[in-house]
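Here is the structure we will look at, set down as structure tokens.
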Amino acid sequence: MDKMPKWADIVLIPLISLFLAAFFSALVILAIGENPIAALKLMVDGALMRSAGWGYTLYYATNFIFTGLAVSVAFHARLFNIGGEGQAMLGGLGVALACLYIDWPHWSLAILGASVGAACFGALWALIPAYLQAKRGSHIVITTIMFNFIAAAILNYVLVELLRPVGAMDPASAKFPEAVHLPTFQDMFSTEGSKLFRGAPANVTFFLALLACLVVWVLIWKTRLGYEIRAFGESETAAKYAGISPVRITVIAMLISGALAGMMSVNTTMGESERLILNSTEGAGFIGIAVALMGRNHPFGVLLAAILFGFLYQGGAELALWTSIPRELIVVIQALVILFTGALDNMVREPLEKLFIAMRRRNA
Amino acid sequence: MDFLTLLQVLDTSVRLATPLLLACLAGLYSERSGVVDIGLEGKMLAAAFFSAAVAFYSGNAWVGLLAGVGASVALAVVHGLASITFRGNQLISGVAINFLAAGMTVLVAQSWFRQGGRTPPLEGDARFNPIELPFAIGPTDAAAADRPLSQLIAEAGPLQQFYSELISGHSSLVYLALLTVPFTWWLLFRTRFGLRLRAVGENPAAVDTAGVSVVWLRYAAVLLCGVLCGVAGAYLSSALQAGFVKDMTAGRGFIALAALIFAKWRPVYALWACLLFGLFQALELRPDIIENVIGLKVQVQLLGALPYILTVVILAGFVGKAIPPKASAEPYIKER
């Protein structure tokens, strides 16, 4: 029999962990001499009370949906893909090559092409660690960390030596052609009378991210492959006994994970900067870890957690603009969320389980 | 390339290898006891900030060092709580610690100094200054002769050059780091504590059966790791550089992790691995030297990525095989 009802596991524990993270974040804000309530109000005002704020929140959320899904697909196969950052960086290279060297007649075709490019490059960057884990037993966490640094070196080299236009100083590719400009929320939702989402970078890629959530949900819970991935994640020996090849599942799960992480770059590189720059990922690959942990590896949970982190990101930018609290506050909150929902999960879970068992005894 | 240039490059390598070595040995204690630590980077960063900040206020580098070690040990306790007491995922805990340090250092630096996430520059005794060994040519000789130091060394014989340029003139923490290598070897391979510590990383159940506390041993290892990371961080901000800047560890914690795998979790090998990776970092600063020696232009990006590439090759088992302690990353659950 389960120790806890299902709702407690899915809703109550993440909420308690989130509350703990928020509580400690408030303490941190107090410690540096600012008012946490005023800070929260400023964040809500800046991120949620104006349509432009939502435009930024959903732009960041789009990144985190992709990276969060990437981490969670790997988690289902009990693989910890910490290399989302590197996979997204190379995904950006795929986007840039697709946008720069192919003459697209319309953005709708270009976004498909760029997505394929991003997914292929991201998946390729996950393939090597996956192969090494499956065939040679090298720990995937260490190899994906190493591959993050190698990806950064490659991107630096490509931008400085190969893609940088002649005469340009900053390490970035040429501007993408006008034809691949993706419609932003401002283009899509503004009417004659009222301008909505003014200047915000949220764009059509957000809907691609929603589609990705749906596809991952179908894949993990409604297909044979998804069943095999979950079975492998639950018990490798049982999966082997059932005729599931560990090598195949490891490689496929990591390919999907890398492809999802890579697709994040469609949003940043094609949707926002419209050229490939260094550090366009801005740590979103790592935020995927927090998002997947908080979203309990379910696409719907990932969506909610990604929007929460999008809010934190936009709110944090507002704080940095209007107060003396630097943007790094978000990094602290992110760390606390990872700590409480991931590493200290048992600290919340064990007392709660005892509580539920005690309550059941009393009722019986 | 002449002899003196070679010595200069090696001298820089030693300076750059020191934080790697300290962090690598820190990771060695932790991982030998079965607690994987990818939070070396975060602990170093926290120590780098708090040692520089306290050294600035107190004007004493050693007081700063203590504060840095304190900050690093505090994070080590968090890692211990997550991975030993609450048997959580050690990798996730390490990730959280890295972010916690990256965010907190800037937040506190901004609140204390208001200089955009850095400390004011450290001067005088707030830094670990170079030690001049006996009979070496150093700044005092240069001052006495009223000539530049580089000129004096250039005129000396090769042995004196070797001694003055490479062996002498480092800060005390460099020598301390080098002494930590034989000490670690002795502690791990020649004492009862070391035997137990290694055993708990291979087969904790056996250690438990023998009546030794698994929890205590692992905490001891994690705390030792915290202390050494603290020294590494203090070295970065108050010996290698003069003050803390945002994200100043710049991936060194991960290079140390790579060196640990490269060294197959052994202290003396760790020294060689860190010196090698230190040499790569030194050459990254002087790409002209490689070009002169091998006549080929080597991309600096390649040099920067070389430690990571080599580690992947070693991990893949194509050259030698790196086998981690058997109970790595597995929380120990006592049977009742």
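Identifiers in the structure tokens: chain A, B, ... in order shown; residue index from 1 per chain; ligand index from 1 in order shown.
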
message = Let's see if you can do this: from backbone DSSP, list all alpha helix (DSSP H) residues in range 138-267 of chain B, as number ranges by chain.
response = B: 139-145, 149-155, 158-161, 172-190, 192-202, 204-209, 214-235, 252-262, 267

inquiry  = Distance cut-off 8 Å, counting only C-alpha atoms - which residues of chain B neighbour chain A? Return them as a PyMOL selection string.
reply    = chain B and resi 82-83+86-90+92-93+95-104+106-108+110-111+254+299+301-302+304-305+308-309+311-312+315-317

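The smallest atom-to-atom distance between Asn267 in chain A and any of A:Trp104, A:Phe206, A:Tyr241, A:Phe189, using only C-alpha atoms, is found for A:Phe206.
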
message = Under the rule that only C-alpha atoms are counted, which of A:Pro299, A:Pro201, A:Gly68, A:Pro5 is the nearest residue to Arg360 in chain A?
response =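 Looking at the shortest contact to Arg360 in chain A, the residue is A:Pro5.
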
message = From the options A:Leu42, A:Val160, A:Met359, A:Ala259, which residue's atoms come nearest to Gln314 in chain A, counting only C-alpha atoms?
response =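 Nearest to Gln314 in chain A: A:Leu42.
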
Residue list (strand (DSSP E or B), DSSP) for range 99-303 of chain A, as a ChimeraX atom specification = /A:172,184,203,277

inquiry  = Need the shell around Arg252 in chain B: protein/DNA/RNA residues with any atom at most 8 Å away, counting only C-alpha atoms. Skip same-chain ones fewer than 4 positions apart. Format as a PyMOL selection string?
reply    = chain B and resi 19-20+41+256

Could the residues in this selection be saved with C-alpha atoms as a PDB file, in the first residue's frame?
ATOM      1  CA  PRO B  19      43.661  25.813  -6.841  1.00  0.00           C
ATOM      2  CA  LEU B  20      43.000  22.799  -9.082  1.00  0.00           C
ATOM      3  CA  GLU B  41      33.045  24.843  -7.924  1.00  0.00           C
ATOM      4  CA  ALA B 256      39.460  19.666 -10.676  1.00  0.00           C
TER       5      ALA B 256
END

task = Find the residues near range 230-239 of chain A: any atom within 8 Å, counting only C-alpha atoms, skip ones fewer than 2 places away on the same chain, and give them as a ChimeraX atom specification.
result = /A:75-79,220,226-228,241-246,249

inquiry  = Which residue is closest to Ala17 in chain B? Choose from B:Pro307, B:Gly253, B:Gly278, B:Pro267 and count only C-alpha atoms.
reply    =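 Looking only at the distances to Ala17 in chain B, the closest residue turns out to be B:Gly278.
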
request  = For range 56-68 of chain B, please output as a PyMOL selection string all residues within 8 Å (counting only C-alpha atoms; exclusion window: fewer than 6 positions along the same chain).
outcome  = chain B and resi 46-50+119-122+124-128+230-231+233-234+238
